[in-house]
Amino acid sequence: MPMHAGTAVPPVRTVPADRALRAVRALLLVLAMLAALVGVSLPAAGAAHAAVPDRWGFAYLDNPAPPWPAYVPDTTRQWGSWSSPAANPVKVDHIGVGSYIVHFPLIAGPGGIAHVTAVGRTGGWCQVRGWVTAGSGQDVGVACYRPGGAPEDSRFTVLYTTSSGVPAPAVGGYGYVHSNTTGAVITQYNSTGATNAVGYGGPGVWKVWLPGLGQATPAGNIEVTAVDMANAARCKVGDWAPSAGGQTVIVNCYNAANAPFDTRWTLSYSEKRAVHGAALPPKSYGYLWFNGGVPAGTNFNSSGGVNTLAGSVPYNVTMPNIAVPSDTAQVTAFGPGPDYCGLALPWTRSSGTVNLNPLCFNGSGSPVPSRFLTAFTSAS
């Protein structure tokens, strides 16, 4: 519409430089992640490696609204496979309410998966937006929400890992899947060399087949995370059916209104391995599945100790003899319905024992006793 004489010119709105930079970085991250997901296909098995994972990193964001830019989160709860992690820390950019970019240095490359777990008591959750190579590093986008789906700043743990080849020695078992909404596999890994598969079962439901992994009875640990760049989403383990030939896992996902929802997601399975896939090292890790009881094969402690479970809102999981910084933890809800779980507060360490406090919520964001899987690992 042309301007006419005497027409008032609207004032120019000045955007603070740091906010504009955050917006540009957020747009670039989304575009890069979209580009990374175009034309993806199931990768062929890589050459054998002496050990997996090939590249990995983890961190805990201890400040939900960190100063801009390049905030360095808790150094006792971050580590990775790059050279001199203590001298090359993970950094986090807070690019908007509930929106973050986690910068893992020196582990650039394709594929892999990411997991994230919210830390707090108010019913919020976090999900992965995507991940992309950024120069020599790997950037993971994280989005956090309050009940109802509005963005909200949050503390969280985040993990990125990628593996290839068949490990030697073949200690335990490990596999992962990154699936799109239709069940097409974007990337996958199986430590036996077999190929994982996913079937779509209708809105918000997928069946995952992990051949050659696990036992005929429940053994190991499973973690699941929603991956969505635009929508609030939560994913969980809906069911788990072990067999001698492999593991069948049902993944259920929901939107912020608690309706079944089609989104991308990641799943990882580990038996007598750390949550990021490594066998030895680390020497200090553990996991536990609460399903009304605690099946023996899903209660593992690398020290030979016995993990214990007490309480309910929140739960208290103690894992003796493995509290060795730097370390991290993940939690995934189990069972039907839109219940979801996180950590009520950061894990604590005392005389070698780590204490985890999983906290679960119903679809309205109210704390409830519910079933969950949790995994903890140190860096060494």
# chains A, B, ... in the order shown; residues from 1 in each chain; ligands from 1
$ residues_around --residues "region 262-270 of chain A" --least-positions-apart "2" --cutoff "7 Å" --atoms "only C-alpha atoms" --output "MDAnalysis selection string"
chainID A and resid 113:114 173:181 203:204 220:228 253 272:275 277
$ write_last_selection --atoms "N, CA, C and O atoms" --output "short mmCIF file (atom, residue, chain, number, x, y, z; two decimals), in the first residue's frame"
data_model
loop_
_atom_site.label_atom_id
_atom_site.label_comp_id
_atom_site.auth_asym_id
_atom_site.auth_seq_id
_atom_site.Cartn_x
_atom_site.Cartn_y
_atom_site.Cartn_z
N ILE A 113 22.19 -41.30 16.99
CA ILE A 113 20.92 -40.98 17.64
C ILE A 113 21.18 -40.02 18.79
O ILE A 113 22.32 -39.85 19.24
N ALA A 114 20.10 -39.42 19.29
CA ALA A 114 20.18 -38.55 20.47
C ALA A 114 19.03 -38.89 21.41
O ALA A 114 17.95 -39.28 20.96
N GLY A 173 25.04 -56.66 24.44
CA GLY A 173 24.44 -56.33 23.16
C GLY A 173 23.97 -54.90 23.15
O GLY A 173 23.62 -54.32 24.19
N TYR A 174 23.95 -54.30 21.95
CA TYR A 174 23.57 -52.90 21.83
C TYR A 174 22.98 -52.65 20.45
O TYR A 174 23.45 -53.20 19.45
N GLY A 175 21.94 -51.84 20.40
CA GLY A 175 21.35 -51.46 19.12
C GLY A 175 20.56 -50.19 19.25
O GLY A 175 20.14 -49.81 20.35
N TYR A 176 20.36 -49.51 18.11
CA TYR A 176 19.53 -48.32 18.12
C TYR A 176 18.81 -48.16 16.80
O TYR A 176 19.18 -48.77 15.78
N VAL A 177 17.76 -47.32 16.82
CA VAL A 177 16.97 -47.00 15.63
C VAL A 177 16.58 -45.53 15.69
O VAL A 177 16.20 -45.03 16.75
N HIS A 178 16.67 -44.87 14.56
CA HIS A 178 16.04 -43.56 14.37
C HIS A 178 15.02 -43.74 13.26
O HIS A 178 15.37 -44.07 12.13
N SER A 179 13.74 -43.57 13.59
CA SER A 179 12.65 -43.84 12.65
C SER A 179 11.92 -42.57 12.28
O SER A 179 11.78 -41.65 13.10
N ASN A 180 11.39 -42.55 11.05
CA ASN A 180 10.50 -41.45 10.71
C ASN A 180 9.06 -41.83 11.04
O ASN A 180 8.80 -42.89 11.62
N THR A 181 8.11 -40.98 10.65
CA THR A 181 6.73 -41.18 11.08
C THR A 181 6.09 -42.43 10.50
O THR A 181 5.19 -43.01 11.12
N PRO A 203 -1.71 -44.39 14.07
CA PRO A 203 -1.27 -43.14 14.70
C PRO A 203 -0.57 -43.36 16.03
O PRO A 203 -1.12 -43.94 16.96
N GLY A 204 0.69 -42.91 16.11
CA GLY A 204 1.43 -42.95 17.35
C GLY A 204 1.89 -44.30 17.81
O GLY A 204 2.28 -44.44 18.98
N GLY A 220 18.35 -56.19 30.01
CA GLY A 220 18.83 -54.99 29.36
C GLY A 220 17.98 -53.78 29.68
O GLY A 220 17.19 -53.77 30.63
N ASN A 221 18.16 -52.75 28.87
CA ASN A 221 17.50 -51.46 29.09
C ASN A 221 17.11 -50.85 27.76
O ASN A 221 17.79 -51.05 26.76
N ILE A 222 16.01 -50.08 27.75
CA ILE A 222 15.54 -49.39 26.56
C ILE A 222 15.30 -47.93 26.90
O ILE A 222 14.74 -47.61 27.94
N GLU A 223 15.72 -47.05 26.01
CA GLU A 223 15.43 -45.63 26.13
C GLU A 223 14.82 -45.14 24.83
O GLU A 223 15.25 -45.55 23.74
N VAL A 224 13.81 -44.26 24.91
CA VAL A 224 13.10 -43.73 23.74
C VAL A 224 12.94 -42.23 23.89
O VAL A 224 12.65 -41.74 24.99
N THR A 225 13.10 -41.49 22.78
CA THR A 225 12.95 -40.03 22.79
C THR A 225 12.23 -39.58 21.54
O THR A 225 12.53 -40.04 20.44
N ALA A 226 11.29 -38.64 21.68
CA ALA A 226 10.64 -38.03 20.53
C ALA A 226 11.61 -37.11 19.80
O ALA A 226 12.44 -36.44 20.42
N VAL A 227 11.49 -37.08 18.46
CA VAL A 227 12.29 -36.18 17.62
C VAL A 227 11.32 -35.41 16.74
O VAL A 227 10.69 -35.97 15.84
N ASP A 228 11.16 -34.11 17.00
CA ASP A 228 10.23 -33.31 16.22
C ASP A 228 10.70 -31.86 16.22
O ASP A 228 10.94 -31.28 17.29
N CYS A 253 3.78 -42.73 20.89
CA CYS A 253 4.05 -41.29 20.95
C CYS A 253 2.74 -40.51 21.04
O CYS A 253 1.71 -40.94 20.51
N LYS A 272 24.10 -55.14 29.33
CA LYS A 272 25.45 -55.17 29.88
C LYS A 272 26.37 -54.24 29.09
O LYS A 272 27.55 -54.52 28.85
N ARG A 273 25.79 -53.11 28.72
CA ARG A 273 26.51 -52.01 28.08
C ARG A 273 25.98 -50.70 28.62
O ARG A 273 24.86 -50.63 29.12
N ALA A 274 26.78 -49.66 28.48
CA ALA A 274 26.35 -48.34 28.88
C ALA A 274 25.28 -47.83 27.92
O ALA A 274 25.13 -48.32 26.80
N VAL A 275 24.55 -46.80 28.33
CA VAL A 275 23.44 -46.28 27.55
C VAL A 275 23.91 -45.71 26.22
O VAL A 275 23.14 -45.68 25.25
N GLY A 277 26.28 -47.11 24.47
CA GLY A 277 26.72 -48.23 23.65
C GLY A 277 28.07 -48.81 23.99
O GLY A 277 28.41 -49.89 23.52
#
$ select_by_dssp --residues "region 218-291 of chain A" --states "strand (DSSP E)" --output "MDAnalysis selection string"
chainID A and resid 221:227 233:243 246:255 264:271 285:290
$ closest_atom_pairs --of "region 117-235 of chain A" --to "region 306-324 of chain A" --cutoff "12 Å" --atoms "only C-alpha atoms" --output "CSV"
residue,atom,partner,partner_atom,distance
A:Val119,CA,A:Pro314,CA,12.0
A:Gly120,CA,A:Pro314,CA,10.7
A:Arg121,CA,A:Pro314,CA,8.9
A:Thr122,CA,A:Pro314,CA,12.0
